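Asks: Enclosed is the structure file upload-v3.cif (mmCIF, C-alpha atoms and all ligand atoms).
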```cif
data_model
#
loop_
_atom_site.label_atom_id
_atom_site.label_comp_id
_atom_site.auth_asym_id
_atom_site.auth_seq_id
_atom_site.Cartn_x
_atom_site.Cartn_y
_atom_site.Cartn_z
CA MET U 1 9.11 19.09 -12.39
CA GLU U 2 8.16 16.48 -14.83
CA THR U 3 4.70 15.02 -15.29
CA VAL U 4 4.11 11.80 -17.19
CA ASN U 5 0.86 10.58 -18.71
CA ALA U 6 0.22 6.95 -17.98
CA SER U 7 -2.69 4.58 -17.85
CA LEU U 8 -4.08 3.24 -14.59
CA ASN U 9 -6.64 0.50 -14.09
CA TYR U 10 -9.80 1.69 -12.36
CA LEU U 11 -12.86 -0.32 -11.41
CA GLU U 12 -15.31 -0.14 -14.34
CA ASP U 13 -18.64 -0.34 -12.53
CA PRO U 14 -18.71 1.01 -8.97
CA ALA U 15 -22.20 -0.49 -8.51
CA GLN U 16 -20.75 -4.02 -8.57
CA ARG U 17 -18.64 -5.15 -5.68
CA PRO U 18 -15.68 -7.20 -6.86
CA VAL U 19 -14.87 -10.47 -5.12
CA THR U 20 -11.56 -12.33 -5.23
CA TYR U 21 -10.99 -15.83 -3.87
CA ALA U 22 -7.54 -16.44 -2.41
CA TYR U 23 -8.00 -20.18 -3.05
CA HIS U 24 -9.75 -22.41 -5.56
CA PRO U 25 -13.43 -21.43 -5.17
CA PRO U 26 -16.35 -23.86 -4.98
CA GLU U 27 -17.60 -25.39 -8.24
CA GLY U 28 -19.27 -22.83 -10.49
CA VAL U 29 -18.07 -19.78 -8.53
CA PRO U 30 -15.70 -17.47 -10.44
CA ALA U 31 -12.31 -16.93 -8.73
CA ARG U 32 -12.60 -13.22 -9.33
CA THR U 33 -15.22 -10.73 -10.42
CA GLY U 34 -14.89 -7.01 -11.12
CA ARG U 35 -13.83 -5.44 -14.40
CA TYR U 36 -11.16 -2.83 -14.66
CA THR U 37 -10.73 -0.22 -17.28
CA ARG U 38 -7.78 1.94 -18.21
CA PHE U 39 -7.76 5.69 -17.80
CA THR U 40 -4.85 7.83 -18.90
CA VAL U 41 -4.01 10.30 -16.17
CA PRO U 42 -1.21 12.75 -15.44
CA ILE U 43 1.16 11.44 -12.77
CA HIS U 44 3.18 14.25 -11.26
CA ASP U 45 6.76 14.09 -10.07
CA ALA U 46 6.39 14.74 -6.34
CA ARG U 47 10.10 15.11 -5.57
CA ALA U 48 9.82 18.90 -5.48
CA LEU U 49 6.87 18.61 -3.09
CA VAL U 50 8.46 16.26 -0.57
CA ALA U 51 8.72 18.90 2.15
CA GLN U 52 5.02 19.76 1.79
CA LEU U 53 3.66 16.24 1.93
CA SER U 54 2.14 14.86 5.11
CA LEU U 55 0.56 11.63 6.26
CA ASP U 56 -2.43 13.60 7.49
CA LYS U 57 -3.15 15.49 4.27
CA GLN U 58 -1.96 13.61 1.17
CA GLY U 59 -1.50 10.36 3.14
CA VAL U 60 2.06 9.78 1.97
CA VAL U 61 5.58 10.90 2.86
CA LEU U 62 9.03 10.09 1.53
CA ALA U 63 11.84 9.54 4.03
CA HIS U 64 15.51 8.64 4.04
CA HIS U 65 16.20 5.30 5.73
CA GLU U 66 19.29 3.12 5.90
CA THR U 67 18.76 -0.54 6.61
CA LYS U 68 21.05 -3.33 7.81
CA VAL U 69 19.11 -5.93 5.85
CA VAL U 70 21.28 -7.81 3.36
CA ASN U 71 18.69 -10.05 1.68
CA PHE U 72 15.09 -8.85 1.54
CA TYR U 73 14.09 -12.12 -0.09
CA ASP U 74 14.88 -13.96 3.15
CA PRO U 75 11.70 -13.70 5.25
CA ASP U 76 13.52 -14.65 8.47
CA GLU U 77 16.04 -11.89 8.04
CA VAL U 78 13.28 -9.42 7.18
CA ARG U 79 11.30 -10.33 10.29
CA ALA U 80 14.33 -10.32 12.58
CA LYS U 81 16.08 -7.20 11.29
CA TYR U 82 13.75 -5.13 9.16
CA TYR U 83 10.58 -5.27 11.24
CA PRO U 84 12.28 -3.64 14.28
CA GLU U 85 13.90 -1.03 12.02
CA VAL U 86 10.51 -0.19 10.51
CA GLU U 87 8.86 -0.07 13.92
CA ARG U 88 11.40 2.52 15.07
CA LEU U 89 11.10 4.56 11.88
CA VAL U 90 7.30 4.70 11.96
CA LYS U 91 7.33 5.69 15.63
CA GLU U 92 9.77 8.49 14.89
CA LEU U 93 7.85 9.81 11.93
CA THR U 94 4.37 9.64 13.45
CA GLY U 95 4.70 10.08 17.22
CA ALA U 96 2.92 6.76 17.76
CA VAL U 97 3.18 5.05 21.15
CA LYS U 98 3.03 1.56 19.68
CA VAL U 99 3.76 0.19 16.22
CA HIS U 100 3.04 -3.43 15.38
CA VAL U 101 4.66 -4.71 12.17
CA PHE U 102 2.69 -7.70 10.96
CA ASP U 103 3.25 -8.57 7.32
CA HIS U 104 5.31 -7.91 4.22
CA ASN U 105 5.43 -8.58 0.48
CA VAL U 106 8.38 -8.65 -1.86
CA ARG U 107 7.80 -7.88 -5.52
CA CYS U 108 9.71 -8.58 -8.69
CA LYS U 109 7.94 -9.32 -11.95
CA THR U 110 10.54 -11.68 -13.42
CA MET U 111 11.06 -13.67 -10.22
CA ALA U 112 7.29 -13.95 -9.73
CA LYS U 113 6.79 -15.13 -13.31
CA ALA U 114 9.56 -17.69 -12.84
CA GLY U 115 7.52 -19.14 -10.00
CA GLU U 116 9.77 -17.91 -7.20
CA LYS U 117 7.97 -18.71 -3.96
CA ASP U 118 6.50 -15.74 -2.08
CA VAL U 119 7.60 -13.18 -4.66
CA GLN U 120 4.77 -11.21 -6.22
CA GLU U 121 4.29 -8.97 -9.20
CA PRO U 122 3.62 -5.24 -8.92
CA VAL U 123 -0.10 -4.46 -8.58
CA LYS U 124 -1.35 -2.55 -11.61
CA VAL U 125 -4.80 -1.77 -10.23
CA ALA U 126 -5.76 1.33 -8.27
CA HIS U 127 -6.62 0.15 -4.76
CA ASN U 128 -6.35 0.81 -1.05
CA ASP U 129 -5.35 -2.04 1.27
CA TYR U 130 -7.93 -1.48 4.04
CA THR U 131 -11.50 -0.29 4.43
CA VAL U 132 -13.50 1.38 7.20
CA LYS U 133 -14.23 -2.14 8.44
CA SER U 134 -11.09 -4.16 7.71
CA GLY U 135 -8.71 -1.63 9.35
CA PRO U 136 -9.97 -2.21 12.91
CA GLN U 137 -10.72 -5.87 12.08
CA ARG U 138 -6.99 -6.42 11.50
CA VAL U 139 -6.29 -5.19 15.06
CA ARG U 140 -8.90 -7.59 16.46
CA ASP U 141 -7.46 -10.50 14.45
CA LEU U 142 -3.80 -9.83 15.22
CA LEU U 143 -3.91 -8.46 18.77
CA PRO U 144 -7.09 -10.02 20.19
CA ASP U 145 -6.21 -9.56 23.86
CA GLU U 146 -5.39 -5.88 23.55
CA ALA U 147 -7.75 -4.84 20.75
CA ASP U 148 -10.53 -3.32 22.86
CA GLU U 149 -8.08 -1.20 24.78
CA LEU U 150 -6.02 -0.22 21.70
CA LEU U 151 -9.06 0.75 19.64
CA LYS U 152 -10.16 3.33 22.22
CA ASN U 153 -7.57 5.72 20.82
CA ARG U 154 -6.68 6.87 17.35
CA PHE U 155 -5.07 4.21 15.19
CA ALA U 156 -3.81 3.87 11.61
CA VAL U 157 -2.49 1.27 9.18
CA ILE U 158 0.64 2.45 7.38
CA ASN U 159 2.55 0.64 4.63
CA VAL U 160 6.28 1.21 4.38
CA TRP U 161 7.38 0.72 0.77
CA ARG U 162 10.98 0.70 -0.46
CA PRO U 163 13.01 -0.46 -3.41
CA ILE U 164 15.14 -3.55 -2.80
CA ARG U 165 17.37 -2.35 -5.62
CA GLY U 166 17.65 1.21 -6.81
CA PRO U 167 16.95 3.24 -8.71
CA VAL U 168 13.43 2.11 -9.60
CA GLU U 169 13.11 2.60 -13.36
CA GLU U 170 10.30 0.24 -14.24
CA ASN U 171 6.78 0.02 -12.77
CA PRO U 172 7.11 2.65 -10.05
CA LEU U 173 4.27 3.06 -7.57
CA ALA U 174 1.85 5.94 -8.17
CA VAL U 175 0.00 7.35 -5.19
CA CYS U 176 -3.31 9.24 -5.22
CA ASP U 177 -3.49 12.30 -2.96
CA ALA U 178 -5.98 11.16 -0.29
CA GLN U 179 -7.57 14.63 -0.25
CA THR U 180 -8.75 14.12 -3.83
CA ILE U 181 -10.53 10.81 -3.16
CA ALA U 182 -14.26 10.86 -2.35
CA GLN U 183 -15.74 8.08 -0.23
CA LYS U 184 -17.94 7.10 -3.21
CA ASP U 185 -14.79 6.37 -5.27
CA LEU U 186 -13.83 3.64 -2.80
CA VAL U 187 -15.65 0.42 -3.66
CA ILE U 188 -15.51 -2.50 -1.26
CA HIS U 189 -13.73 -5.49 -2.73
CA ASN U 190 -14.02 -8.73 -0.78
CA LEU U 191 -11.05 -11.05 -0.48
CA ILE U 192 -12.15 -14.49 0.53
CA TYR U 193 -9.58 -16.59 2.36
CA ARG U 194 -10.23 -20.07 3.73
CA ASP U 195 -10.27 -18.80 7.29
CA ARG U 196 -11.30 -15.16 7.05
CA MET U 197 -12.86 -12.49 4.88
CA GLY U 198 -10.71 -9.51 3.95
CA GLU U 199 -11.81 -6.20 2.49
CA VAL U 200 -9.88 -3.76 0.36
CA TYR U 201 -11.08 -0.87 -1.77
CA SER U 202 -10.97 -0.82 -5.55
CA LEU U 203 -10.93 2.70 -6.89
CA ALA U 204 -13.59 4.08 -9.25
CA PHE U 205 -12.54 6.85 -11.61
CA ASN U 206 -12.99 10.46 -10.58
CA PRO U 207 -11.32 13.25 -12.58
CA ALA U 208 -10.52 15.00 -9.29
CA HIS U 209 -7.89 12.36 -8.42
CA ARG U 210 -4.40 13.79 -8.30
CA TRP U 211 -1.69 11.19 -8.82
CA PHE U 212 2.00 11.48 -8.15
CA TYR U 213 5.16 9.42 -7.73
CA PHE U 214 8.76 9.74 -6.72
CA PRO U 215 10.87 9.03 -9.82
CA HIS U 216 14.00 6.88 -9.49
CA MET U 217 13.52 5.84 -5.88
CA GLN U 218 16.70 4.56 -4.29
CA LYS U 219 17.10 1.73 -1.83
CA ASN U 220 17.71 4.13 1.04
CA GLU U 221 14.36 5.82 0.45
CA VAL U 222 11.05 4.71 1.90
CA MET U 223 7.52 5.79 1.21
CA LEU U 224 5.03 5.72 4.08
CA LEU U 225 1.53 5.22 2.79
CA LYS U 226 -1.51 5.55 5.04
CA CYS U 227 -4.10 2.91 4.19
CA TYR U 228 -6.41 3.50 7.15
CA ASP U 229 -6.95 6.10 9.86
CA SER U 230 -9.65 5.98 12.50
CA ASP U 231 -9.74 9.79 12.47
CA GLU U 232 -12.10 11.02 9.76
CA HIS U 233 -10.51 14.45 9.77
CA ARG U 234 -7.20 13.21 8.42
CA ALA U 235 -6.16 11.35 5.28
CA ARG U 236 -7.67 7.90 5.66
CA PHE U 237 -7.32 5.94 2.40
CA THR U 238 -4.36 6.64 0.13
CA ALA U 239 -5.01 4.64 -3.03
CA HIS U 240 -2.05 3.53 -5.11
CA SER U 241 -1.09 1.53 -8.19
CA ALA U 242 1.99 0.40 -10.06
CA PHE U 243 2.19 1.83 -13.59
CA ASP U 244 4.20 1.67 -16.78
CA ASP U 245 6.33 4.79 -16.71
CA PRO U 246 6.68 6.02 -20.33
CA THR U 247 10.06 7.57 -19.44
CA SER U 248 11.57 4.31 -18.24
CA PRO U 249 14.13 2.86 -20.67
CA PRO U 250 12.94 -0.27 -22.54
CA ASP U 251 15.78 -2.32 -21.08
CA ALA U 252 15.25 -1.10 -17.50
CA PRO U 253 15.60 -3.91 -14.96
CA PRO U 254 12.34 -5.02 -13.34
CA ARG U 255 11.36 -3.14 -10.22
CA GLU U 256 12.17 -4.95 -6.97
CA SER U 257 10.44 -3.71 -3.83
CA ILE U 258 9.27 -4.62 -0.38
CA GLU U 259 6.28 -3.26 1.50
CA VAL U 260 5.75 -3.80 5.20
CA ARG U 261 2.38 -3.39 6.88
CA THR U 262 2.15 -1.75 10.27
CA LEU U 263 -0.56 -1.05 12.84
CA VAL U 264 0.10 2.34 14.37
CA PHE U 265 -1.36 3.39 17.72
CA PHE U 266 -1.44 6.97 18.95
CA PRO U 267 -1.47 8.24 22.51
CA PRO U 268 -4.82 9.03 24.17
CA GLY U 269 -6.09 12.46 23.24
CA ALA U 270 -4.25 12.54 19.90
CA GLU U 271 -7.57 12.40 18.05
C1 LIG C 301 1.28 -1.72 -1.46
C2 LIG C 301 1.03 -2.11 -2.87
C3 LIG C 301 1.92 -2.65 -5.02
C4 LIG C 301 3.20 -2.55 -5.75
O1 LIG C 301 2.45 -1.44 -1.12
O2 LIG C 301 0.31 -1.69 -0.68
O3 LIG C 301 -0.11 -2.25 -3.22
O4 LIG C 301 3.18 -2.75 -6.97
N1 LIG C 301 2.08 -2.28 -3.67
O5 LIG C 301 4.23 -2.28 -5.12
FE FE C 302 -1.57 -1.83 -1.75
#
```
In structure tokens, what does this structure look like?
Replies:
Amino acid sequence: METVNASLNYLEDPAQRPVTYAYHPPEGVPARTGRYTRFTVPIHDARALVAQLSLDKQGVVLAHHETKVVNFYDPDEVRAKYYPEVERLVKELTGAVKVHVFDHNVRCKTMAKAGEKDVQEPVKVAHNDYTVKSGPQRVRDLLPDEADELLKNRFAVINVWRPIRGPVEENPLAVCDAQTIAQKDLVIHNLIYRDRMGEVYSLAFNPAHRWFYFPHMQKNEVMLLKCYDSDEHRARFTAHSAFDDPTSPPDAPPRESIEVRTLVFFPPGAE
């Protein structure tokens, strides 16, 4: 088992809530606040641990998954073909009664830098996509008619992350074992959209954090990453960050990946 040392960007001052505007902010208001600082941490190869990982403890699992999708950069194809595949996969792996796939991002540094529409760069900041508040808020926003009923039972937000092209050699995604994250490490970060306010967590440094990754992920491998759980006795917030892997060859092709966001509803009594 190989461990690499790599630097991750953590929030510098947990006392100051970062704010990011998703559009051009009003005159005199900065588009983003919050300073990040690099910490060098060990990132462990989790391939040998795959059988021991669980969504309820570490907050992440690796699974084999074949897809019929030909072009992940075609949002229509992704919605028509991949969303139903992901729904089925998440149901199988979690025992959920209902899975609602609602969003996705494709990432490739060179395409994003070339201005390719709707392609984003890897995120090199330690974060978690949802907070205590924004998890259930997403259900209310997306499924307003059913939300009250759905939120009576346990629910989670799970991201399904996979390479578009394998193996991933450059900028893999590191994941922080949810059991090693204290609530005080999770700092609310407001995302201001024109029509709504989002909330994610930025991560403040804590030497207890245990990071790992799956080296050389292939395109038939997916990572399920739990970004919210209504049950406080399970992994709730599994922070993650892209990083520069010191073992990746200098001429490695840029990482290409897709992550799909899913709302996951459990049967009554599963709490
Ligand atoms: C995610 C995420 C960043 C990346 O899947 O939620 O933050 O670089 N991904 O893939
Ligand atoms: Fe994320």
Asks: At a cut-off of 8 Å around the point (-2.3, 10.6, -16.7) (file coordinates), what residues fall inside when counting all atoms listed in the file? I'd like the answer as a PyMOL selection string.
Replies: chain U and resi 4-8+39-43+211
Asks: Produce a file of the selected residues containing C-alpha atoms, as a CSV table (one decimal), in the coordinates of the input.
Replies:
```
chain,number,residue,atom,x,y,z
U,4,VAL,CA,4.1,11.8,-17.2
U,5,ASN,CA,0.9,10.6,-18.7
U,6,ALA,CA,0.2,7.0,-18.0
U,7,SER,CA,-2.7,4.6,-17.8
U,8,LEU,CA,-4.1,3.2,-14.6
U,39,PHE,CA,-7.8,5.7,-17.8
U,40,THR,CA,-4.8,7.8,-18.9
U,41,VAL,CA,-4.0,10.3,-16.2
U,42,PRO,CA,-1.2,12.8,-15.4
U,43,ILE,CA,1.2,11.4,-12.8
U,211,TRP,CA,-1.7,11.2,-8.8
```
Asks: Report as a PyMOL selection string all protein, DNA and RNA residues lying within 8 Å of region 58-66 of chain U, evaluated on only C-alpha atoms, omitting residues in the same chain fewer than 2 positions from it.
Replies: chain U and resi 50+53-56+68+175-179+220-227+235-238
Asks: With all atoms listed in the file as the basis for distance, which of U:Pro267, U:Gly95, U:Pro122, U:Pro253 is at the shortest distance from ligand LIG 301 (chain C)?
Replies: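 When distances to ligand LIG 301 (chain C) are compared using all atoms listed in the file, the smallest one comes from U:Pro122.
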Asks: Neighbouring residues of ligand FE 302 (chain C) are defined here as those with any atom at most 10 Å from a ligand atom, counting all atoms listed in the file; list them as an MDAnalysis selection string.
Replies: chainID U and resid 105 122:130 159 161 173 175 200:201 225 227 238:242 259 261
Asks: Just how far from CA of Leu203 (chain U) is CA of Arg17 (chain U), in Å to one decimal?
Replies: 11.1 Å
Asks: Please report, as JSON, the centre and edge lengths in Å to one decimal of an axis-aligned box covering all listed atoms of region 66-76 of chain U with 4 Å per side.
Replies:
```
{"center_x": 16.5, "center_y": -5.8, "center_z": 4.2, "size_x": 17.6, "size_y": 25.8, "size_z": 16.6}
```
Asks: Report, in Å to a single decimal, how far apart CA of Val19 (chain U) and CA of Ile188 (chain U) are.
Replies: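 We find that CA of Ile188 (chain U) and CA of Val19 (chain U) lie 8.9 Å from each other.
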Asks: Nearest residue to Leu263 (chain U) out of U:Tyr193, U:Phe205, U:Tyr36, U:Phe155, using only C-alpha atoms?
Replies: U:Phe155
Asks: Could you tell me which of U:Pro163, U:Pro249, U:Gly198, U:Pro207 comes closest to ligand LIG 301 (chain C) if we count all atoms listed in the file?
Replies: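 Closest to ligand LIG 301 (chain C), using all atoms listed in the file: U:Pro163.
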Asks: Looking at U:Glu256, U:Asp229, U:Asp244, U:Glu85, which one is nearest to Ala156 (chain U), with distances taken over all atoms listed in the file?
Replies: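 Closest to Ala156 (chain U) of all the choices is U:Asp229.
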Asks: List every protein, DNA or RNA residue with an atom no more than 12 Å from (16.9, -10.3, 3.8) in the file's coordinates, counting all atoms listed in the file, and format the result as a list in words.
Replies: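 Those residues lying close to the given coordinates are Thr67, Lys68, Val69, Val70, Asn71, Phe72, Tyr73, Asp74, Pro75, Asp76, Glu77, Val78, Arg79, Ala80, Lys81, Tyr82, Tyr83, His104, Val106, Ile164, Ser257 and Ile258 of chain U.
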Asks: Can you write out the residues you just picked, keeping C-alpha atoms, as a tab-separated table (two decimals), keeping the file's coordinate frame?
Replies:
```tsv
chain	number	residue	atom	x	y	z
U	67	THR	CA	18.76	-0.54	6.61
U	68	LYS	CA	21.05	-3.33	7.81
U	69	VAL	CA	19.11	-5.93	5.85
U	70	VAL	CA	21.28	-7.81	3.36
U	71	ASN	CA	18.69	-10.05	1.68
U	72	PHE	CA	15.09	-8.85	1.54
U	73	TYR	CA	14.09	-12.12	-0.09
U	74	ASP	CA	14.88	-13.96	3.15
U	75	PRO	CA	11.70	-13.70	5.25
U	76	ASP	CA	13.52	-14.65	8.47
U	77	GLU	CA	16.04	-11.89	8.04
U	78	VAL	CA	13.28	-9.42	7.18
U	79	ARG	CA	11.30	-10.33	10.29
U	80	ALA	CA	14.33	-10.32	12.58
U	81	LYS	CA	16.08	-7.20	11.29
U	82	TYR	CA	13.75	-5.13	9.16
U	83	TYR	CA	10.58	-5.27	11.24
U	104	HIS	CA	5.31	-7.91	4.22
U	106	VAL	CA	8.38	-8.65	-1.86
U	164	ILE	CA	15.14	-3.55	-2.80
U	257	SER	CA	10.44	-3.71	-3.83
U	258	ILE	CA	9.27	-4.62	-0.38
```
Asks: Grab the CA of Pro215 (chain U) to CA of Pro167 (chain U) distance for me, in Å with one decimal place.
Replies: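 Atom-to-atom, CA of Pro215 (chain U) and CA of Pro167 (chain U) are spaced 8.5 Å apart.
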Asks: Nearest residue to Tyr23 (chain U) out of U:Arg210, U:Ala96, U:Arg196, U:Ala112, using all atoms listed in the file?
Replies: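 Closest residue, counting all atoms listed in the file: U:Arg196.
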Asks: Point out the residue among U:Arg165, U:Ala208, U:Thr3, U:Pro136 with the least atom-to-atom distance to Ala48 (chain U), counting all atoms listed in the file.
Replies: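 When distances to Ala48 (chain U) are compared using all atoms listed in the file, the smallest one comes from U:Thr3.
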Asks: For Thr110 (chain U), list every protein, DNA or RNA residue within 10 Å, evaluated using all atoms listed in the file, and leave out those in the same chain fewer than 6 positions away; present the list as a list in words.
Replies: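 Counting all atoms listed in the file, the residues come to Glu116, Val119, Gln120, Glu121, Pro253, Pro254, Arg255 and Glu256 of chain U.
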Asks: Got a sec: who's within 12 Å of Tyr21 (chain U), counting all atoms listed in the file, leaving out chain neighbours fewer than 3 positions off, as number ranges by chain?
Replies: U: 18, 24-26, 29-33, 189-199
